[in-house]
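The file my_file.tsv comes next; it holds TSV, N, CA and C atoms.
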chain	number	residue	atom	x	y	z
A	1334	MET	N	92.53	106.66	11.26
A	1334	MET	CA	93.02	107.30	12.46
A	1334	MET	C	92.15	108.51	12.81
A	1335	LYS	N	91.65	109.19	11.79
A	1335	LYS	CA	90.81	110.35	12.06
A	1335	LYS	C	89.52	109.96	12.77
A	1336	SER	N	88.92	108.84	12.37
A	1336	SER	CA	87.68	108.42	13.02
A	1336	SER	C	87.94	108.00	14.46
A	1337	ARG	N	89.10	107.42	14.74
A	1337	ARG	CA	89.44	107.05	16.11
A	1337	ARG	C	89.63	108.30	16.97
A	1338	THR	N	90.25	109.33	16.39
A	1338	THR	CA	90.45	110.58	17.12
A	1338	THR	C	89.10	111.22	17.44
A	1339	VAL	N	88.21	111.23	16.48
A	1339	VAL	CA	86.87	111.79	16.69
A	1339	VAL	C	86.14	111.02	17.78
A	1340	ALA	N	86.26	109.69	17.76
A	1340	ALA	CA	85.58	108.88	18.77
A	1340	ALA	C	86.12	109.15	20.17
A	1341	VAL	N	87.43	109.30	20.29
A	1341	VAL	CA	88.02	109.53	21.61
A	1341	VAL	C	87.67	110.93	22.12
A	1342	VAL	N	87.71	111.92	21.24
A	1342	VAL	CA	87.34	113.27	21.65
A	1342	VAL	C	85.85	113.32	22.03
A	1343	ALA	N	85.02	112.61	21.28
A	1343	ALA	CA	83.59	112.53	21.63
A	1343	ALA	C	83.41	111.86	22.98
A	1344	GLY	N	84.19	110.83	23.26
A	1344	GLY	CA	84.14	110.19	24.57
A	1344	GLY	C	84.53	111.14	25.69
A	1345	PHE	N	85.54	111.95	25.45
A	1345	PHE	CA	85.97	112.94	26.44
A	1345	PHE	C	84.86	113.96	26.69
A	1346	LEU	N	84.25	114.44	25.61
A	1346	LEU	CA	83.17	115.42	25.77
A	1346	LEU	C	81.96	114.81	26.47
A	1347	LEU	N	81.63	113.56	26.16
A	1347	LEU	CA	80.54	112.89	26.85
A	1347	LEU	C	80.85	112.69	28.33
A	1348	THR	N	82.11	112.42	28.62
A	1348	THR	CA	82.51	112.28	30.03
A	1348	THR	C	82.29	113.61	30.76
A	1349	LEU	N	82.70	114.70	30.13
A	1349	LEU	CA	82.51	116.00	30.76
A	1349	LEU	C	81.03	116.36	30.89
A	1350	ALA	N	80.26	116.10	29.85
A	1350	ALA	CA	78.87	116.56	29.83
A	1350	ALA	C	77.93	115.65	30.61
A	1351	LEU	N	78.20	114.34	30.64
A	1351	LEU	CA	77.26	113.41	31.26
A	1351	LEU	C	77.77	112.77	32.54
A	1352	MET	N	78.96	112.19	32.47
A	1352	MET	CA	79.43	111.38	33.59
A	1352	MET	C	79.79	112.21	34.82
A	1353	ILE	N	80.40	113.36	34.63
A	1353	ILE	CA	80.78	114.17	35.79
A	1353	ILE	C	79.54	114.66	36.54
A	1354	PRO	N	78.51	115.20	35.86
A	1354	PRO	CA	77.29	115.57	36.60
A	1354	PRO	C	76.60	114.38	37.25
A	1355	VAL	N	76.55	113.24	36.57
A	1355	VAL	CA	75.94	112.04	37.17
A	1355	VAL	C	76.73	111.62	38.40
A	1356	LEU	N	78.04	111.64	38.29
A	1356	LEU	CA	78.89	111.29	39.42
A	1356	LEU	C	78.67	112.26	40.59
A	1357	PHE	N	78.48	113.52	40.28
A	1357	PHE	CA	78.22	114.52	41.32
A	1357	PHE	C	76.91	114.21	42.05
A	1358	VAL	N	75.87	113.93	41.29
A	1358	VAL	CA	74.57	113.65	41.89
A	1358	VAL	C	74.62	112.37	42.73
A	1359	LEU	N	75.25	111.34	42.20
A	1359	LEU	CA	75.30	110.06	42.92
A	1359	LEU	C	76.17	110.10	44.16
A	1360	SER	N	77.20	110.94	44.15
A	1360	SER	CA	78.12	110.96	45.29
A	1360	SER	C	77.81	112.07	46.29
A	1361	ARG	N	76.77	112.86	46.05
A	1361	ARG	CA	76.44	113.96	46.95
A	1361	ARG	C	76.15	113.42	48.34
A	1362	GLY	N	76.86	113.92	49.31
A	1362	GLY	CA	76.68	113.50	50.69
A	1362	GLY	C	77.45	112.24	51.05
A	1363	ALA	N	77.96	111.51	50.07
A	1363	ALA	CA	78.69	110.28	50.35
A	1363	ALA	C	80.19	110.50	50.44
A	1364	VAL	N	80.69	111.50	49.73
A	1364	VAL	CA	82.12	111.80	49.76
A	1364	VAL	C	82.32	113.28	50.01
A	1365	SER	N	83.50	113.63	50.48
A	1365	SER	CA	83.79	115.04	50.72
A	1365	SER	C	84.16	115.72	49.40
A	1366	THR	N	84.28	117.03	49.46
A	1366	THR	CA	84.63	117.80	48.26
A	1366	THR	C	85.99	117.39	47.73
A	1367	ASN	N	86.95	117.20	48.62
A	1367	ASN	CA	88.29	116.80	48.20
A	1367	ASN	C	88.27	115.43	47.53
A	1368	GLN	N	87.52	114.50	48.07
A	1368	GLN	CA	87.42	113.18	47.47
A	1368	GLN	C	86.76	113.26	46.09
A	1369	PHE	N	85.73	114.08	45.96
A	1369	PHE	CA	85.07	114.23	44.67
A	1369	PHE	C	86.03	114.81	43.64
A	1370	VAL	N	86.79	115.83	44.02
A	1370	VAL	CA	87.77	116.43	43.11
A	1370	VAL	C	88.81	115.39	42.71
A	1371	LEU	N	89.23	114.56	43.63
A	1371	LEU	CA	90.21	113.51	43.33
A	1371	LEU	C	89.63	112.49	42.35
A	1372	ILE	N	88.39	112.09	42.55
A	1372	ILE	CA	87.74	111.13	41.65
A	1372	ILE	C	87.58	111.73	40.25
A	1373	VAL	N	87.10	112.97	40.18
A	1373	VAL	CA	86.92	113.63	38.89
A	1373	VAL	C	88.27	113.80	38.19
A	1374	SER	N	89.29	114.16	38.94
A	1374	SER	CA	90.63	114.29	38.35
A	1374	SER	C	91.11	112.97	37.78
A	1375	GLY	N	90.87	111.88	38.49
A	1375	GLY	CA	91.25	110.57	37.98
A	1375	GLY	C	90.52	110.21	36.70
A	1376	VAL	N	89.23	110.51	36.64
A	1376	VAL	CA	88.45	110.23	35.43
A	1376	VAL	C	88.96	111.07	34.26
A	1377	LEU	N	89.21	112.34	34.50
A	1377	LEU	CA	89.68	113.20	33.43
A	1377	LEU	C	91.10	112.84	32.98
A	1378	LEU	N	91.95	112.47	33.91
A	1378	LEU	CA	93.29	112.02	33.54
A	1378	LEU	C	93.25	110.74	32.72
A	1379	LEU	N	92.34	109.85	33.07
A	1379	LEU	CA	92.16	108.63	32.28
A	1379	LEU	C	91.76	108.98	30.85
A	1380	MET	N	90.84	109.90	30.69
A	1380	MET	CA	90.42	110.30	29.34
A	1380	MET	C	91.55	111.02	28.61
A	1381	LEU	N	92.25	111.91	29.31
A	1381	LEU	CA	93.34	112.64	28.65
A	1381	LEU	C	94.50	111.73	28.26
A	1382	TRP	N	94.73	110.64	28.99
A	1382	TRP	CA	95.75	109.68	28.62
A	1382	TRP	C	95.27	108.80	27.48
A	1383	THR	N	93.97	108.52	27.42
A	1383	THR	CA	93.43	107.65	26.38
A	1383	THR	C	93.54	108.30	25.00
A	1384	ILE	N	93.39	109.60	24.92
A	1384	ILE	CA	93.43	110.28	23.62
A	1384	ILE	C	94.78	110.07	22.93
A	1385	PRO	N	95.92	110.43	23.54
A	1385	PRO	CA	97.18	110.18	22.83
A	1385	PRO	C	97.51	108.69	22.70
A	1386	TYR	N	97.08	107.88	23.66
A	1386	TYR	CA	97.36	106.45	23.56
A	1386	TYR	C	96.65	105.84	22.37
A	1387	ALA	N	95.36	106.16	22.21
A	1387	ALA	CA	94.58	105.56	21.13
A	1387	ALA	C	94.98	106.10	19.76
A	1388	THR	N	95.45	107.33	19.70
A	1388	THR	CA	95.76	107.93	18.41
A	1388	THR	C	97.22	107.85	18.02
A	1389	LEU	N	98.13	107.77	18.99
A	1389	LEU	CA	99.55	107.78	18.67
A	1389	LEU	C	100.29	106.51	19.10
A	1390	ILE	N	100.16	106.14	20.36
A	1390	ILE	CA	100.97	105.06	20.92
A	1390	ILE	C	100.52	103.69	20.42
A	1391	ASP	N	99.22	103.40	20.49
A	1391	ASP	CA	98.71	102.10	20.05
A	1391	ASP	C	99.03	101.81	18.59
A	1392	PRO	N	98.77	102.74	17.66
A	1392	PRO	CA	99.13	102.46	16.27
A	1392	PRO	C	100.63	102.26	16.06
A	1393	ALA	N	101.46	103.03	16.78
A	1393	ALA	CA	102.91	102.88	16.65
A	1393	ALA	C	103.36	101.51	17.16
A	1394	LEU	N	102.79	101.05	18.28
A	1394	LEU	CA	103.14	99.73	18.81
A	1394	LEU	C	102.71	98.62	17.85
A	1395	ARG	N	101.53	98.78	17.22
A	1395	ARG	CA	101.06	97.78	16.27
A	1395	ARG	C	101.95	97.75	15.03
A	1396	ARG	N	102.37	98.93	14.54
A	1396	ARG	CA	103.28	98.97	13.39
A	1396	ARG	C	104.61	98.33	13.73
A	1397	ALA	N	105.14	98.61	14.93
A	1397	ALA	CA	106.42	98.04	15.34
A	1397	ALA	C	106.33	96.52	15.44
A	1398	ALA	N	105.26	96.00	16.05
A	1398	ALA	CA	105.08	94.55	16.16
A	1398	ALA	C	104.91	93.93	14.77
A	1399	GLY	N	104.17	94.61	13.91
A	1399	GLY	CA	104.00	94.11	12.55
A	1399	GLY	C	105.30	94.06	11.78
A	1400	ALA	N	106.17	95.06	11.99
A	1400	ALA	CA	107.47	95.08	11.33
A	1400	ALA	C	108.36	93.94	11.82
A	1401	VAL	N	108.28	93.63	13.11
A	1401	VAL	CA	109.09	92.54	13.66
A	1401	VAL	C	108.68	91.19	13.08
A	1402	PHE	N	107.36	90.97	12.96
A	1402	PHE	CA	106.86	89.68	12.50
A	1402	PHE	C	106.53	89.66	11.02
A	1403	GLY	N	106.67	90.78	10.32
A	1403	GLY	CA	106.40	90.83	8.89
A	1403	GLY	C	104.92	90.72	8.54
A	1404	VAL	N	104.06	91.26	9.38
A	1404	VAL	CA	102.62	91.22	9.14
A	1404	VAL	C	102.04	92.61	9.37
A	1405	THR	N	100.79	92.79	9.00
A	1405	THR	CA	100.07	94.02	9.29
A	1405	THR	C	99.11	93.73	10.43
A	1406	VAL	N	99.38	94.33	11.59
A	1406	VAL	CA	98.54	94.12	12.77
A	1406	VAL	C	97.56	95.29	12.84
A	1407	GLU	N	96.26	94.98	12.89
A	1407	GLU	CA	95.26	96.04	12.93
A	1407	GLU	C	94.01	95.58	13.65
A	1408	TRP	N	93.18	96.55	14.03
A	1408	TRP	CA	91.88	96.26	14.64
A	1408	TRP	C	90.88	96.24	13.51
A	1409	ARG	N	90.16	95.12	13.33
A	1409	ARG	CA	89.18	95.05	12.24
A	1409	ARG	C	88.18	93.95	12.52
A	1410	GLY	N	87.20	93.85	11.66
A	1410	GLY	CA	86.19	92.81	11.78
A	1410	GLY	C	84.94	93.31	12.47
A	1411	ALA	N	83.96	92.43	12.57
A	1411	ALA	CA	82.68	92.81	13.15
A	1411	ALA	C	82.81	93.17	14.63
A	1412	ARG	N	83.73	92.49	15.34
A	1412	ARG	CA	83.91	92.77	16.77
A	1412	ARG	C	85.04	93.75	17.01
A	1413	ASN	N	85.66	94.28	15.94
A	1413	ASN	CA	86.78	95.20	16.02
A	1413	ASN	C	87.91	94.59	16.87
A	1414	SER	N	88.23	93.34	16.57
A	1414	SER	CA	89.26	92.63	17.33
A	1414	SER	C	90.60	92.74	16.63
A	1415	LEU	N	91.65	92.45	17.37
A	1415	LEU	CA	93.01	92.51	16.84
A	1415	LEU	C	93.20	91.36	15.85
A	1416	SER	N	93.66	91.68	14.64
A	1416	SER	CA	93.89	90.63	13.65
A	1416	SER	C	95.12	91.01	12.81
A	1417	TRP	N	95.63	90.06	12.08
A	1417	TRP	CA	96.83	90.28	11.31
A	1417	TRP	C	96.77	89.43	10.05
A	1418	THR	N	97.60	89.79	9.07
A	1418	THR	CA	97.68	89.06	7.80
A	1418	THR	C	99.14	88.92	7.43
A	1419	PRO	N	99.57	87.93	6.77
A	1419	PRO	CA	98.90	86.65	6.56
A	1419	PRO	C	99.11	85.71	7.73
A	1420	VAL	N	98.11	84.98	8.13
A	1420	VAL	CA	98.17	84.10	9.29
A	1420	VAL	C	99.09	82.92	9.02
A	1421	GLU	N	99.01	82.33	7.83
A	1421	GLU	CA	99.77	81.11	7.56
A	1421	GLU	C	101.28	81.32	7.52
A	1422	ALA	N	101.73	82.56	7.34
A	1422	ALA	CA	103.15	82.81	7.25
A	1422	ALA	C	103.80	83.12	8.60
A	1423	THR	N	103.02	83.24	9.66
A	1423	THR	CA	103.59	83.67	10.94
A	1423	THR	C	104.16	82.51	11.74
A	1424	GLY	N	103.60	81.33	11.67
A	1424	GLY	CA	104.07	80.21	12.47
A	1424	GLY	C	103.36	80.17	13.81
A	1425	CYS	N	103.53	79.07	14.52
A	1425	CYS	CA	102.78	78.84	15.76
A	1425	CYS	C	103.19	79.81	16.87
A	1426	LEU	N	104.49	79.93	17.14
A	1426	LEU	CA	104.94	80.79	18.23
A	1426	LEU	C	104.67	82.27	17.93
A	1427	SER	N	104.95	82.67	16.70
A	1427	SER	CA	104.68	84.06	16.31
A	1427	SER	C	103.19	84.36	16.39
A	1428	ASP	N	102.37	83.39	15.98
A	1428	ASP	CA	100.91	83.55	16.05
A	1428	ASP	C	100.47	83.75	17.50
A	1429	LEU	N	101.06	83.03	18.43
A	1429	LEU	CA	100.73	83.16	19.84
A	1429	LEU	C	101.14	84.52	20.38
A	1430	VAL	N	102.33	84.99	20.01
A	1430	VAL	CA	102.81	86.29	20.48
A	1430	VAL	C	101.94	87.41	19.92
A	1431	ILE	N	101.62	87.34	18.64
A	1431	ILE	CA	100.77	88.38	18.03
A	1431	ILE	C	99.38	88.33	18.65
A	1432	GLY	N	98.88	87.13	18.93
A	1432	GLY	CA	97.57	87.00	19.56
A	1432	GLY	C	97.53	87.60	20.95
A	1433	SER	N	98.64	87.56	21.65
A	1433	SER	CA	98.72	88.15	23.00
A	1433	SER	C	98.99	89.65	22.97
A	1434	LEU	N	99.25	90.19	21.79
A	1434	LEU	CA	99.59	91.60	21.67
A	1434	LEU	C	98.47	92.51	22.17
A	1435	GLY	N	97.22	92.15	21.93
A	1435	GLY	CA	96.10	92.97	22.40
A	1435	GLY	C	96.10	93.11	23.90
A	1436	TYR	N	96.41	92.02	24.61
A	1436	TYR	CA	96.47	92.08	26.07
A	1436	TYR	C	97.64	92.96	26.53
A	1437	LEU	N	98.76	92.87	25.83
A	1437	LEU	CA	99.91	93.70	26.17
A	1437	LEU	C	99.59	95.18	25.99
A	1438	LEU	N	98.88	95.51	24.93
A	1438	LEU	CA	98.53	96.91	24.69
A	1438	LEU	C	97.61	97.44	25.78
A	1439	ILE	N	96.70	96.61	26.28
A	1439	ILE	CA	95.82	97.02	27.36
A	1439	ILE	C	96.62	97.22	28.64
A	1440	VAL	N	97.56	96.32	28.92
A	1440	VAL	CA	98.41	96.46	30.11
A	1440	VAL	C	99.23	97.74	30.02
A	1441	LEU	N	99.78	98.04	28.85
A	1441	LEU	CA	100.56	99.26	28.68
A	1441	LEU	C	99.71	100.51	28.87
A	1442	TRP	N	98.43	100.40	28.55
A	1442	TRP	CA	97.53	101.54	28.75
A	1442	TRP	C	97.35	101.82	30.24
A	1443	PHE	N	97.37	100.76	31.09
A	1443	PHE	CA	97.16	100.92	32.53
A	1443	PHE	C	98.43	101.27	33.30
A	1444	VAL	N	99.61	101.16	32.71
A	1444	VAL	CA	100.87	101.37	33.43
A	1444	VAL	C	100.95	102.75	34.09
A	1445	PRO	N	100.60	103.85	33.43
A	1445	PRO	CA	100.70	105.15	34.12
A	1445	PRO	C	99.79	105.24	35.34
A	1446	PHE	N	98.62	104.61	35.29
A	1446	PHE	CA	97.71	104.67	36.43
A	1446	PHE	C	98.21	103.80	37.57
A	1447	ALA	N	98.78	102.67	37.26
A	1447	ALA	CA	99.36	101.83	38.31
A	1447	ALA	C	100.52	102.57	38.98
A	1448	ALA	N	101.34	103.24	38.18
A	1448	ALA	CA	102.45	104.01	38.74
A	1448	ALA	C	101.95	105.15	39.62
A	1449	ALA	N	100.88	105.82	39.20
A	1449	ALA	CA	100.32	106.91	40.00
A	1449	ALA	C	99.77	106.40	41.32
A	1450	VAL	N	99.09	105.26	41.31
A	1450	VAL	CA	98.55	104.69	42.55
A	1450	VAL	C	99.69	104.31	43.49
A	1451	VAL	N	100.74	103.70	42.95
A	1451	VAL	CA	101.88	103.32	43.78
A	1451	VAL	C	102.53	104.56	44.38
A	1452	LEU	N	102.69	105.62	43.59
A	1452	LEU	CA	103.28	106.85	44.13
A	1452	LEU	C	102.42	107.47	45.22
A	1453	VAL	N	101.11	107.51	45.02
A	1453	VAL	CA	100.23	108.07	46.04
A	1453	VAL	C	100.31	107.27	47.33
A	1454	LEU	N	100.27	105.96	47.21
A	1454	LEU	CA	100.36	105.11	48.41
A	1454	LEU	C	101.72	105.24	49.09
A	1455	TRP	N	102.76	105.39	48.29
A	1455	TRP	CA	104.11	105.52	48.86
A	1455	TRP	C	104.25	106.86	49.60
A	1456	PHE	N	103.69	107.93	49.01
A	1456	PHE	CA	103.79	109.24	49.65
A	1456	PHE	C	102.94	109.33	50.91
A	1457	ARG	N	101.91	108.51	51.03
A	1457	ARG	CA	101.06	108.56	52.21
A	1457	ARG	C	101.74	107.98	53.44
A	1458	HIS	N	102.76	107.16	53.24
A	1458	HIS	CA	103.42	106.54	54.39
A	1458	HIS	C	104.49	107.39	54.94

Write-out of the structure in structure tokens:
Amino acid sequence: MKSRTVAVVAGFLLTLALMIPVLFVLSRGAVSTNQFVLIVSGVLLLMLWTIPYATLIDPALRRAAGAVFGVTVEWRGARNSLSWTPVEATGCLSDLVIGSLGYLLIVLWFVPFAAAVVLVLWFRH
């Protein structure tokens, strides 16, 4: 968990040090100041949401799913993909649900941003 925290914080710092200046240079003259601030705010909010999600929420969801199915669900392997043990004890349907868990975790990561977009669009009307 410590290495994941370090990686996410490093990603946040790289976003601040590299991506925001690059975004500024690329968008100069193409967007207004307010639009640029909105874009930068969205990028920073994405990073700030990713830090607690990757360090707290994702591991808790994996532990909860593992407790339900009696397996250890973790990210591992050469491709760092979602895997679990023991495979032979889970059964076909459980294997399918656990296999879809990675997609569910990604969808849950996007839920706050989808809600924010819906709220912004709703308030504009």

Find the distance between atom N of Phe1446 of chain A and atom CA of Val1406 of chain A and write it in Å to one decimal.
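Computed distance, atom N of Phe1446 of chain A to atom CA of Val1406 of chain A, equals 24.8 Å.
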
When you draw a straight line from atom N of Trp1442 of chain A to atom CA of Tyr1386 of chain A, how long is it in Å?
7.9 Å

So the first atom is atom CA of Leu1429 of chain A and the second is atom CA of Ala1398 of chain A; what is the distance between them in Å, to one decimal place?
12.7 Å

Output as number ranges by chain all residues of segment 1335-1436 of chain A that backbone DSSP marks as strand (DSSP E or B).
A: 1405-1409, 1414-1418

Pick out the residues sitting within 12 Å of Gly1375 of chain A, and hand them over as a ChimeraX atom specification; count only C-alpha atoms, and ignore anything fewer than 5 positions along from it in its own chain.
/A:1348,1353,1368-1370,1380-1382,1445-1447,1449-1450

Residues of chain A in alpha helix (DSSP H) according to DSSP, as a ChimeraX atom specification?
/A:1335-1347,1353-1360,1366-1385,1391-1402,1425-1457

Nearest candidate to Val1342 of chain A (options A:Leu1452, A:Leu1377, A:Leu1359, A:Ile1384; using all atoms listed in the file):
A:Ile1384

Name the residues in contact with Ala1387 of chain A at a cut-off of 8 Å, using all atoms listed in the file, excluding same-chain residues fewer than 3 positions from it; report them as a PyMOL selection string.
chain A and resi 1334+1337-1338+1341+1382-1384+1390-1393
